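Below is the file protein-v4.cif, which contains mmCIF, C-alpha atoms.
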data_entry
#
loop_
_atom_site.label_atom_id
_atom_site.label_comp_id
_atom_site.auth_asym_id
_atom_site.auth_seq_id
_atom_site.Cartn_x
_atom_site.Cartn_y
_atom_site.Cartn_z
CA MET G 178 16.68 -15.81 -28.51
CA ASN G 179 13.59 -17.56 -27.21
CA LYS G 180 13.10 -17.41 -23.45
CA LEU G 181 10.59 -18.96 -21.11
CA PHE G 182 9.28 -17.30 -17.94
CA GLY G 183 6.71 -18.57 -15.52
CA LEU G 184 4.70 -18.57 -12.34
CA ILE G 185 4.72 -21.23 -9.62
CA GLY G 186 2.08 -21.60 -6.95
CA ASN G 187 -1.02 -23.57 -6.12
CA PRO G 188 -3.58 -22.81 -7.43
CA VAL G 189 -2.51 -20.75 -10.44
CA GLY G 190 -5.42 -21.21 -12.83
CA HIS G 191 -6.99 -17.90 -11.81
CA SER G 192 -3.82 -15.84 -12.33
CA LEU G 193 -3.85 -12.97 -14.82
CA SER G 194 -0.04 -12.84 -14.94
CA PRO G 195 0.29 -15.00 -18.08
CA LEU G 196 -2.19 -12.83 -19.96
CA MET G 197 -0.48 -9.61 -18.84
CA HIS G 198 3.12 -10.68 -19.50
CA ASN G 199 2.49 -12.47 -22.78
CA ASP G 200 0.71 -9.40 -24.13
CA ALA G 201 3.70 -7.25 -23.09
CA PHE G 202 6.13 -9.66 -24.79
CA LYS G 203 4.05 -9.56 -27.95
CA MET G 204 3.80 -5.76 -27.87
CA LEU G 205 7.59 -5.46 -27.63
CA GLN G 206 8.11 -8.19 -30.25
CA LEU G 207 10.12 -10.30 -27.82
CA PRO G 208 10.27 -14.05 -28.55
CA TYR G 209 9.41 -14.86 -24.95
CA TYR G 210 6.58 -16.79 -23.34
CA TYR G 211 5.14 -16.87 -19.81
CA HIS G 212 3.43 -19.96 -18.41
CA ALA G 213 1.77 -20.74 -15.07
CA PHE G 214 2.87 -23.96 -13.35
CA ALA G 215 0.78 -25.54 -10.59
CA VAL G 216 3.23 -27.10 -8.13
CA GLU G 217 2.39 -29.42 -5.26
CA GLN G 218 3.98 -28.60 -1.90
CA GLU G 219 6.16 -31.71 -1.78
CA ARG G 220 7.50 -30.98 -5.29
CA LEU G 221 8.57 -27.36 -4.76
CA LYS G 222 12.29 -28.14 -4.49
CA ASP G 223 12.12 -30.37 -7.57
CA ALA G 224 10.18 -27.72 -9.45
CA VAL G 225 12.80 -25.02 -8.84
CA ALA G 226 15.61 -27.41 -9.78
CA GLY G 227 13.71 -28.43 -12.90
CA MET G 228 13.19 -24.83 -13.97
CA LYS G 229 16.90 -24.16 -13.66
CA ALA G 230 17.74 -27.36 -15.57
CA LEU G 231 15.42 -26.24 -18.37
CA GLY G 232 17.02 -22.80 -18.44
CA ILE G 233 13.85 -20.90 -17.52
CA SER G 234 14.99 -17.28 -17.36
CA GLY G 235 12.82 -16.18 -14.46
CA PHE G 236 9.57 -16.77 -12.67
CA ASN G 237 7.08 -15.33 -10.25
CA VAL G 238 6.09 -17.04 -7.03
CA THR G 239 2.61 -16.85 -5.57
CA ILE G 240 0.68 -18.39 -2.69
CA PRO G 241 1.65 -20.53 -0.84
CA TYR G 242 5.37 -20.60 -1.72
CA LYS G 243 6.70 -17.04 -1.31
CA VAL G 244 8.53 -18.01 1.89
CA ASP G 245 9.42 -21.65 1.25
CA VAL G 246 10.92 -20.98 -2.19
CA MET G 247 13.72 -19.02 -0.50
CA ASN G 248 15.22 -22.32 0.68
CA TYR G 249 15.89 -23.39 -2.91
CA LEU G 250 17.34 -20.21 -4.44
CA ASP G 251 21.02 -19.37 -4.84
CA LYS G 252 20.81 -15.80 -3.55
CA ILE G 253 18.24 -13.49 -1.96
CA ASP G 254 18.10 -9.73 -2.49
CA GLU G 255 18.63 -7.72 0.73
CA GLU G 256 15.12 -6.24 0.87
CA ALA G 257 13.55 -9.62 0.13
CA LYS G 258 15.55 -11.02 3.07
CA ILE G 259 14.14 -8.35 5.36
CA ILE G 260 10.63 -8.94 4.06
CA GLY G 261 11.12 -12.67 4.42
CA ALA G 262 9.41 -13.55 1.15
CA VAL G 263 10.16 -13.72 -2.58
CA ASN G 264 7.72 -13.18 -5.43
CA THR G 265 10.17 -12.76 -8.33
CA VAL G 266 13.13 -14.92 -9.34
CA VAL G 267 15.70 -13.95 -11.96
CA LEU G 268 18.32 -16.16 -13.60
CA GLU G 269 21.57 -14.20 -13.23
CA ASP G 270 24.85 -15.78 -14.40
CA GLY G 271 23.39 -19.23 -13.95
CA HIS G 272 22.08 -18.51 -10.44
CA TYR G 273 18.50 -18.02 -9.31
CA VAL G 274 18.21 -14.74 -7.37
CA GLY G 275 15.08 -13.95 -5.38
CA TYR G 276 13.47 -10.50 -5.17
CA ASN G 277 10.25 -9.08 -3.76
CA THR G 278 8.37 -6.57 -5.93
CA ASP G 279 5.09 -6.74 -3.99
CA GLY G 280 5.95 -4.04 -1.45
CA GLN G 281 7.39 -1.63 -4.01
CA GLY G 282 4.47 -2.32 -6.33
CA PHE G 283 2.03 -1.29 -3.61
CA TYR G 284 4.12 1.70 -2.57
CA GLU G 285 4.19 3.04 -6.13
CA SER G 286 0.40 2.75 -6.43
CA LEU G 287 0.01 4.65 -3.16
CA LEU G 288 2.60 7.27 -4.10
CA GLU G 289 0.78 7.94 -7.38
CA LEU G 290 -2.41 8.71 -5.46
CA VAL G 291 -1.00 10.51 -2.39
CA GLY G 292 2.02 12.30 -3.81
CA PRO G 293 5.32 13.33 -2.19
CA THR G 294 3.72 14.12 1.17
CA ILE G 295 3.29 10.38 1.71
CA THR G 296 6.03 10.25 4.36
CA GLU G 297 4.00 12.63 6.53
CA LYS G 298 0.91 10.41 6.52
CA LYS G 299 -0.23 8.17 9.34
CA VAL G 300 -0.91 4.63 8.14
CA LEU G 301 -2.99 1.83 9.64
CA MET G 302 -2.40 -1.59 8.10
CA ILE G 303 -4.83 -4.47 8.58
CA GLY G 304 -3.25 -7.91 8.67
CA ALA G 305 0.15 -9.42 9.46
CA GLY G 306 0.57 -12.10 6.78
CA GLY G 307 2.91 -12.32 3.81
CA ALA G 308 1.48 -9.36 1.90
CA ALA G 309 1.46 -7.29 5.10
CA ARG G 310 5.12 -8.05 5.69
CA ALA G 311 6.09 -6.82 2.21
CA ILE G 312 3.99 -3.68 2.47
CA TYR G 313 5.00 -2.82 6.04
CA THR G 314 8.72 -3.30 5.33
CA THR G 315 8.59 -1.20 2.18
CA LEU G 316 6.62 1.65 3.74
CA VAL G 317 8.93 2.04 6.72
CA ARG G 318 12.04 1.71 4.54
CA ARG G 319 10.68 4.48 2.27
CA GLY G 320 10.46 6.87 5.20
CA ILE G 321 6.87 6.68 6.44
CA ASN G 322 7.20 7.22 10.18
CA VAL G 323 3.81 5.99 11.38
CA VAL G 324 2.72 2.54 10.22
CA ASP G 325 0.52 0.87 12.84
CA ILE G 326 -1.04 -2.59 12.62
CA ALA G 327 -4.47 -4.07 13.32
CA ASN G 328 -4.57 -7.85 13.43
CA ARG G 329 -6.49 -10.72 14.98
CA SER G 330 -3.30 -11.92 16.65
CA ASN G 331 -1.03 -9.47 18.49
CA GLU G 332 1.66 -12.13 18.57
CA ARG G 333 1.89 -12.39 14.80
CA ALA G 334 1.90 -8.61 14.40
CA ASN G 335 4.72 -8.33 16.93
CA GLU G 336 6.70 -10.96 15.03
CA LEU G 337 6.28 -8.92 11.83
CA VAL G 338 7.57 -5.74 13.46
CA LEU G 339 10.54 -7.49 15.10
CA HIS G 340 11.47 -9.27 11.87
CA CYS G 341 11.61 -6.01 9.92
CA GLN G 342 14.11 -4.51 12.38
CA ASN G 343 13.13 -0.87 11.89
CA ASN G 344 13.37 2.05 14.26
CA ASN G 345 9.71 3.03 14.03
CA GLU G 346 7.44 2.78 17.04
CA THR G 347 4.52 0.72 15.78
CA THR G 348 1.27 0.51 17.71
CA ILE G 349 -0.49 -2.83 17.45
CA TYR G 350 -4.26 -3.07 17.87
CA SER G 351 -6.75 -5.88 17.95
CA LEU G 352 -9.35 -5.50 15.20
CA LYS G 353 -11.91 -4.38 17.78
CA GLU G 354 -9.55 -1.75 19.22
CA ALA G 355 -8.59 -0.47 15.77
CA VAL G 356 -12.17 0.56 14.93
CA GLN G 357 -11.99 3.20 17.64
CA HIS G 358 -8.79 4.68 16.16
CA THR G 359 -9.46 4.75 12.41
CA GLY G 360 -10.18 8.49 12.53
CA GLU G 361 -6.54 9.12 13.46
CA TYR G 362 -5.17 7.79 10.15
CA ASP G 363 -4.68 9.29 6.69
CA ILE G 364 -4.26 5.90 4.99
CA ILE G 365 -5.88 2.57 5.91
CA ILE G 366 -4.72 -0.57 4.09
CA ASN G 367 -6.30 -4.02 3.98
CA THR G 368 -3.61 -6.61 3.28
CA THR G 369 -5.85 -9.61 3.97
CA SER G 370 -8.08 -11.63 1.62
CA VAL G 371 -11.24 -10.64 3.52
CA GLY G 372 -13.84 -9.51 0.97
CA MET G 373 -12.30 -11.34 -1.97
CA SER G 374 -14.54 -13.29 -4.34
CA PRO G 375 -16.51 -15.42 -3.62
CA ALA G 376 -16.91 -14.20 0.02
CA THR G 377 -17.67 -10.65 -1.11
CA ALA G 378 -20.04 -9.79 1.76
CA GLU G 379 -17.23 -9.73 4.32
CA MET G 380 -15.26 -6.65 5.42
CA PRO G 381 -11.90 -6.57 7.22
CA LEU G 382 -12.67 -3.60 9.51
CA SER G 383 -15.50 -1.15 10.08
CA LEU G 384 -14.85 2.36 8.80
CA GLU G 385 -17.55 3.97 10.94
CA ASN G 386 -15.01 6.28 12.62
CA ALA G 387 -12.82 6.99 9.60
CA LYS G 388 -12.49 10.59 8.51
CA GLU G 389 -13.32 12.00 5.08
CA GLN G 390 -10.56 11.96 2.46
CA THR G 391 -8.80 9.06 4.14
CA VAL G 392 -7.17 6.86 1.50
CA VAL G 393 -8.67 3.39 1.93
CA ALA G 394 -6.61 0.81 0.05
CA ASP G 395 -7.44 -2.84 -0.57
CA ILE G 396 -4.95 -5.21 -2.18
CA ILE G 397 -7.88 -7.26 -3.52
CA TYR G 398 -8.75 -6.76 -7.20
CA ASN G 399 -11.54 -9.32 -7.58
CA PRO G 400 -14.08 -7.82 -7.16
CA LEU G 401 -12.71 -4.53 -8.44
CA LYS G 402 -14.62 -2.69 -5.75
CA THR G 403 -15.06 -4.68 -2.55
CA LYS G 404 -17.86 -4.01 -0.12
CA TRP G 405 -15.23 -2.37 2.10
CA LEU G 406 -14.25 0.08 -0.65
CA GLN G 407 -17.92 0.80 -1.29
CA GLU G 408 -18.30 1.70 2.38
CA ALA G 409 -15.21 3.89 2.10
CA GLU G 410 -16.75 5.84 -0.77
CA GLN G 411 -19.95 6.34 1.19
CA LYS G 412 -17.87 7.78 4.04
CA GLY G 413 -16.21 10.28 1.70
CA ALA G 414 -12.92 8.40 1.68
CA ILE G 415 -10.69 7.85 -1.36
CA PRO G 416 -10.72 4.16 -2.43
CA LEU G 417 -7.83 2.31 -4.04
CA ASN G 418 -8.15 -1.33 -5.09
CA GLY G 419 -5.50 -3.96 -5.79
CA VAL G 420 -5.18 -3.53 -9.56
CA PRO G 421 -2.40 -0.89 -9.41
CA MET G 422 -0.34 -3.04 -7.03
CA PHE G 423 -0.79 -6.08 -9.28
CA ILE G 424 0.25 -4.10 -12.36
CA ASN G 425 3.22 -2.45 -10.66
CA GLN G 426 4.66 -5.59 -9.10
CA GLY G 427 4.33 -7.34 -12.45
CA ALA G 428 5.98 -4.48 -14.32
CA LEU G 429 8.86 -4.43 -11.84
CA ALA G 430 9.37 -8.17 -12.32
CA PHE G 431 9.23 -7.68 -16.10
CA GLU G 432 12.01 -5.06 -15.86
CA LYS G 433 14.21 -7.39 -13.82
CA TRP G 434 13.83 -10.13 -16.42
CA THR G 435 14.18 -8.06 -19.58
CA TYR G 436 15.81 -4.72 -18.58
CA ILE G 437 12.91 -3.10 -20.45
CA LYS G 438 10.18 -0.95 -18.92
CA PRO G 439 6.82 -2.30 -20.10
CA ASP G 440 3.80 -0.16 -20.92
CA ARG G 441 2.02 -0.17 -17.57
CA GLU G 442 -1.06 1.53 -18.98
CA ARG G 443 -1.44 -1.27 -21.52
CA MET G 444 -0.92 -3.85 -18.76
CA LYS G 445 -3.67 -2.18 -16.76
CA ASN G 446 -6.07 -2.21 -19.70
CA VAL G 447 -5.40 -5.89 -20.41
CA VAL G 448 -6.14 -6.80 -16.80
CA LEU G 449 -9.22 -4.59 -16.50
CA GLU G 450 -10.66 -5.95 -19.73
CA GLN G 451 -10.34 -9.45 -18.33
CA LEU G 452 -11.93 -8.39 -15.03
CA GLY G 453 -14.77 -6.59 -16.79
CA GLY G 454 -13.93 -3.15 -15.41
CA ASN G 455 -12.94 0.19 -16.87
CA ASP G 456 -10.98 1.80 -14.04
CA TYR G 457 -9.17 0.91 -10.84
CA VAL G 458 -12.08 2.31 -8.88
CA ASN G 459 -14.54 5.11 -9.49
CA ARG G 460 -12.79 8.06 -7.98
#

Take the structure in the file and give it back as structure tokens.
Amino acid sequence: MNKLFGLIGNPVGHSLSPLMHNDAFKMLQLPYYYHAFAVEQERLKDAVAGMKALGISGFNVTIPYKVDVMNYLDKIDEEAKIIGAVNTVVLEDGHYVGYNTDGQGFYESLLELVGPTITEKKVLMIGAGGAARAIYTTLVRRGINVVDIANRSNERANELVLHCQNNNETTIYSLKEAVQHTGEYDIIINTTSVGMSPATAEMPLSLENAKEQTVVADIIYNPLKTKWLQEAEQKGAIPLNGVPMFINQGALAFEKWTYIKPDRERMKNVVLEQLGGNDYVNR
């Protein structure tokens, strides 16, 4: 049976999701197709209704609609409710159900690198936006006791912590304050777009005080190695870019749509070939 899946957001022309998912469908000989739809803000409600009317079996949601789309879905998964954002929608018994695979996708990429001692690590997260909310919620719900936040606005960081309703004591720093404390952390995560192409000269936070072997993670994957990750390598830290998170969140969405585990290694290779790279990072 032919099925159509998609992506809604604005813009979507740069997305690698269609390439990645269509290759996976082809590899598994599934008669499915994935298409990116650019949707204007005022047409979001109509777009979701139209997708249901057309019988589209599921879709991803990207910037800027991960929060607003929740208003037009039939049901929201419990963790997505806590996160306050949806990036994956599945048609289940005629109802659109919203999930969030971003946080779990990042967690799995981190777990692969750090191993089972991850819950013992001290984490500093930069940013308090939508991606930060997914990552913060997932990390604390997976048992990491120390997840602190550095952000330009203390107010927004406080809102994030309160929204997630966890029992952790989270310290919130200004970006200036955080620089003095980076040496206290085992993992430092940039959840912002600072350093993304084309503004590749920018860095979210100085690592001058970071210790060696700190895992420095950036959710950006274009460029594959941001200036910030280059600085991390020079400091003797372990860099991790955004490719694994992108692959993992996509694979998790794929599983929800098809009940089949895709070949994540193949997904990675498809994405890296498009980006002109041959590894997540040189490590």

Exercise: range 290-307 of chain G partners within 7 Å, only C-alpha atoms, chain neighbours under 6 positions left out, as JSON, numbers by chain | {"G": [320, 321, 322, 323, 324, 325, 326, 327, 328, 333, 334, 337, 362, 363, 364, 365, 366, 367, 368, 369]}

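If only C-alpha atoms are the atoms counted, then among G:Gly235, G:Pro400, G:Gly419, G:Pro375 the closest residue to Thr265 in chain G is G:Gly235.
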
Between G:Glu332, G:Glu410, G:Glu450, G:Glu285, single out the one closest to Met422 in chain G, counting all atoms listed in the file.
-> G:Glu285

Would you list the contacts of Gln218 in chain G as a PyMOL selection string, taking every protein, DNA or RNA residue within 9 Å and counting only C-alpha atoms, but skipping same-chain residues closer than 2 positions in sequence?
-> chain G and resi 186-187+216+220-222+241-242

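Separating CA of Pro188 in chain G from CA of Ser374 in chain G is a distance of 14.8 Å.
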
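Nearest residue to Phe283 in chain G among G:Ala394, G:Ala226, G:Ala414, G:Leu406 is G:Ala394, counting all atoms listed in the file.
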
Kindly provide, as a PyMOL selection string, the polymer residues lying within 8 Å of (12.8, -2.0, 1.5), counting only C-alpha atoms and using the coordinates exactly as they appear in the file.
-> chain G and resi 256-257+259-260+280-281+314-319

Pull out every residue that the PyMOL selection byres ((chain G and resi 212) around 12) matches in the shown coordinates and put them as a ChimeraX atom specification.
-> /G:180-186,189-190,192-199,209-211,213-215,228,233-237

Near Gln357 in chain G, within 10 Å and counting only C-alpha atoms, which residues show up once chain neighbours fewer than 5 positions away are dropped, as a count of residues only?
-> 7

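Remark: for Asn446 in chain G, the closest of the candidate residues G:Val420, G:Gly427, G:Ala355, G:Ile240 is G:Val420 (distances computed over all atoms listed in the file).
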
So how many Å separate CA of Gly282 in chain G and CA of Asp440 in chain G, to one decimal?
-> 14.8 Å

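What the PyMOL selection byres ((chain G and resi 381) around 6) matches in the given file is Val371, Met380 and Leu382 of chain G.
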
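Across the model, the gap from CA of Ala262 in chain G to CA of Val274 in chain G is 12.3 Å.
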
Just so the selection is clear, what residues does the PyMOL selection byres ((chain G and resi 428) around 9) cover here, as number ranges by chain?
-> G: 198, 278, 282, 423-427, 429-433, 438-441, 444

So that I have them on file, write out the residues from the current selection with C-alpha atoms, as a short mmCIF file (atom, residue, chain, number, x, y, z; two decimals), in the frame of the given file.
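Now in again20.cif:
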data_model
loop_
_atom_site.label_atom_id
_atom_site.label_comp_id
_atom_site.auth_asym_id
_atom_site.auth_seq_id
_atom_site.Cartn_x
_atom_site.Cartn_y
_atom_site.Cartn_z
CA HIS G 198 3.12 -10.68 -19.50
CA THR G 278 8.37 -6.57 -5.93
CA GLY G 282 4.47 -2.32 -6.33
CA PHE G 423 -0.79 -6.08 -9.28
CA ILE G 424 0.25 -4.10 -12.36
CA ASN G 425 3.22 -2.45 -10.66
CA GLN G 426 4.66 -5.59 -9.10
CA GLY G 427 4.33 -7.34 -12.45
CA LEU G 429 8.86 -4.43 -11.84
CA ALA G 430 9.37 -8.17 -12.32
CA PHE G 431 9.23 -7.68 -16.10
CA GLU G 432 12.01 -5.06 -15.86
CA LYS G 433 14.21 -7.39 -13.82
CA LYS G 438 10.18 -0.95 -18.92
CA PRO G 439 6.82 -2.30 -20.10
CA ASP G 440 3.80 -0.16 -20.92
CA ARG G 441 2.02 -0.17 -17.57
CA MET G 444 -0.92 -3.85 -18.76
#

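Distances here use only C-alpha atoms; by that measure, the residue among G:Val356, G:Met247, G:Ala376, G:Pro421 closest to Tyr284 in chain G is G:Pro421.
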
Where atoms are absent from range 340-351 of chain G, fill them in so it carries all heavy atoms, then output it as a PDB file, in the frame of the given file.
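Saved the output as part_34.pdb:
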ATOM      1  N   HIS G 340      10.750  -8.719  13.020  1.00  0.00           N
ATOM      2  CA  HIS G 340      11.470  -9.270  11.870  1.00  0.00           C
ATOM      3  C   HIS G 340      11.997  -8.158  10.970  1.00  0.00           C
ATOM      4  O   HIS G 340      13.087  -8.272  10.406  1.00  0.00           O
ATOM      5  CB  HIS G 340      10.545 -10.184  11.069  1.00  0.00           C
ATOM      6  CG  HIS G 340      11.195 -10.761   9.846  1.00  0.00           C
ATOM      7  ND1 HIS G 340      11.966 -11.899   9.886  1.00  0.00           N
ATOM      8  CD2 HIS G 340      11.205 -10.343   8.547  1.00  0.00           C
ATOM      9  CE1 HIS G 340      12.418 -12.165   8.671  1.00  0.00           C
ATOM     10  NE2 HIS G 340      11.966 -11.236   7.847  1.00  0.00           N
ATOM     11  N   CYS G 341      11.221  -7.080  10.848  1.00  0.00           N
ATOM     12  CA  CYS G 341      11.610  -6.010   9.920  1.00  0.00           C
ATOM     13  C   CYS G 341      12.721  -5.124  10.481  1.00  0.00           C
ATOM     14  O   CYS G 341      13.321  -4.347   9.733  1.00  0.00           O
ATOM     15  CB  CYS G 341      10.391  -5.170   9.565  1.00  0.00           C
ATOM     16  SG  CYS G 341       9.201  -6.072   8.568  1.00  0.00           S
ATOM     17  N   GLN G 342      12.972  -5.192  11.763  1.00  0.00           N
ATOM     18  CA  GLN G 342      14.110  -4.510  12.380  1.00  0.00           C
ATOM     19  C   GLN G 342      14.201  -3.033  11.998  1.00  0.00           C
ATOM     20  O   GLN G 342      15.228  -2.544  11.522  1.00  0.00           O
ATOM     21  CB  GLN G 342      15.425  -5.207  11.991  1.00  0.00           C
ATOM     22  CG  GLN G 342      15.496  -6.658  12.422  1.00  0.00           C
ATOM     23  CD  GLN G 342      16.764  -7.344  11.951  1.00  0.00           C
ATOM     24  OE1 GLN G 342      17.593  -6.752  11.285  1.00  0.00           O
ATOM     25  NE2 GLN G 342      16.914  -8.598  12.300  1.00  0.00           N
ATOM     26  N   ASN G 343      13.106  -2.300  12.186  1.00  0.00           N
ATOM     27  CA  ASN G 343      13.130  -0.870  11.890  1.00  0.00           C
ATOM     28  C   ASN G 343      13.066  -0.076  13.187  1.00  0.00           C
ATOM     29  O   ASN G 343      12.782  -0.619  14.252  1.00  0.00           O
ATOM     30  CB  ASN G 343      11.959  -0.502  10.967  1.00  0.00           C
ATOM     31  CG  ASN G 343      10.614  -0.606  11.680  1.00  0.00           C
ATOM     32  OD1 ASN G 343      10.181   0.313  12.352  1.00  0.00           O
ATOM     33  ND2 ASN G 343       9.948  -1.753  11.538  1.00  0.00           N
ATOM     34  N   ASN G 344      13.326   1.203  13.079  1.00  0.00           N
ATOM     35  CA  ASN G 344      13.370   2.050  14.260  1.00  0.00           C
ATOM     36  C   ASN G 344      12.036   2.716  14.579  1.00  0.00           C
ATOM     37  O   ASN G 344      11.948   3.502  15.518  1.00  0.00           O
ATOM     38  CB  ASN G 344      14.444   3.137  14.084  1.00  0.00           C
ATOM     39  CG  ASN G 344      15.839   2.534  13.982  1.00  0.00           C
ATOM     40  OD1 ASN G 344      16.154   1.581  14.688  1.00  0.00           O
ATOM     41  ND2 ASN G 344      16.664   3.093  13.095  1.00  0.00           N
ATOM     42  N   ASN G 345      11.025   2.434  13.793  1.00  0.00           N
ATOM     43  CA  ASN G 345       9.710   3.030  14.030  1.00  0.00           C
ATOM     44  C   ASN G 345       9.063   2.452  15.283  1.00  0.00           C
ATOM     45  O   ASN G 345       9.268   1.286  15.624  1.00  0.00           O
ATOM     46  CB  ASN G 345       8.779   2.770  12.840  1.00  0.00           C
ATOM     47  CG  ASN G 345       9.192   3.564  11.617  1.00  0.00           C
ATOM     48  OD1 ASN G 345      10.357   3.851  11.418  1.00  0.00           O
ATOM     49  ND2 ASN G 345       8.232   3.915  10.796  1.00  0.00           N
ATOM     50  N   GLU G 346       8.269   3.273  15.947  1.00  0.00           N
ATOM     51  CA  GLU G 346       7.440   2.780  17.040  1.00  0.00           C
ATOM     52  C   GLU G 346       6.067   2.454  16.467  1.00  0.00           C
ATOM     53  O   GLU G 346       5.316   3.342  16.093  1.00  0.00           O
ATOM     54  CB  GLU G 346       7.327   3.836  18.149  1.00  0.00           C
ATOM     55  CG  GLU G 346       8.631   4.047  18.903  1.00  0.00           C
ATOM     56  CD  GLU G 346       8.446   4.944  20.116  1.00  0.00           C
ATOM     57  OE1 GLU G 346       7.290   5.232  20.466  1.00  0.00           O
ATOM     58  OE2 GLU G 346       9.462   5.356  20.692  1.00  0.00           O
ATOM     59  N   THR G 347       5.778   1.184  16.374  1.00  0.00           N
ATOM     60  CA  THR G 347       4.520   0.720  15.780  1.00  0.00           C
ATOM     61  C   THR G 347       3.540   0.321  16.865  1.00  0.00           C
ATOM     62  O   THR G 347       3.866  -0.489  17.730  1.00  0.00           O
ATOM     63  CB  THR G 347       4.784  -0.469  14.842  1.00  0.00           C
ATOM     64  OG1 THR G 347       5.582  -0.031  13.741  1.00  0.00           O
ATOM     65  CG2 THR G 347       3.478  -1.053  14.317  1.00  0.00           C
ATOM     66  N   THR G 348       2.334   0.893  16.797  1.00  0.00           N
ATOM     67  CA  THR G 348       1.270   0.510  17.710  1.00  0.00           C
ATOM     68  C   THR G 348       0.509  -0.659  17.105  1.00  0.00           C
ATOM     69  O   THR G 348       0.174  -0.642  15.914  1.00  0.00           O
ATOM     70  CB  THR G 348       0.305   1.681  17.969  1.00  0.00           C
ATOM     71  OG1 THR G 348       1.045   2.771  18.530  1.00  0.00           O
ATOM     72  CG2 THR G 348      -0.800   1.278  18.925  1.00  0.00           C
ATOM     73  N   ILE G 349       0.240  -1.652  17.922  1.00  0.00           N
ATOM     74  CA  ILE G 349      -0.490  -2.830  17.450  1.00  0.00           C
ATOM     75  C   ILE G 349      -1.838  -2.893  18.151  1.00  0.00           C
ATOM     76  O   ILE G 349      -1.920  -2.823  19.390  1.00  0.00           O
ATOM     77  CB  ILE G 349       0.319  -4.114  17.723  1.00  0.00           C
ATOM     78  CG1 ILE G 349       1.613  -4.079  16.896  1.00  0.00           C
ATOM     79  CG2 ILE G 349      -0.501  -5.359  17.383  1.00  0.00           C
ATOM     80  CD1 ILE G 349       2.568  -5.201  17.214  1.00  0.00           C
ATOM     81  N   TYR G 350      -2.893  -3.000  17.362  1.00  0.00           N
ATOM     82  CA  TYR G 350      -4.260  -3.070  17.870  1.00  0.00           C
ATOM     83  C   TYR G 350      -4.885  -4.420  17.549  1.00  0.00           C
ATOM     84  O   TYR G 350      -4.552  -5.046  16.531  1.00  0.00           O
ATOM     85  CB  TYR G 350      -5.156  -2.011  17.214  1.00  0.00           C
ATOM     86  CG  TYR G 350      -4.746  -0.580  17.389  1.00  0.00           C
ATOM     87  CD1 TYR G 350      -4.231   0.149  16.307  1.00  0.00           C
ATOM     88  CD2 TYR G 350      -4.908   0.078  18.601  1.00  0.00           C
ATOM     89  CE1 TYR G 350      -3.879   1.480  16.428  1.00  0.00           C
ATOM     90  CE2 TYR G 350      -4.562   1.423  18.740  1.00  0.00           C
ATOM     91  CZ  TYR G 350      -4.048   2.108  17.656  1.00  0.00           C
ATOM     92  OH  TYR G 350      -3.702   3.430  17.788  1.00  0.00           O
ATOM     93  N   SER G 351      -5.831  -4.825  18.375  1.00  0.00           N
ATOM     94  CA  SER G 351      -6.750  -5.880  17.950  1.00  0.00           C
ATOM     95  C   SER G 351      -7.698  -5.235  16.944  1.00  0.00           C
ATOM     96  O   SER G 351      -7.786  -3.991  16.851  1.00  0.00           O
ATOM     97  CB  SER G 351      -7.541  -6.407  19.146  1.00  0.00           C
ATOM     98  OG  SER G 351      -8.437  -5.406  19.619  1.00  0.00           O
TER      99      SER G 351
END
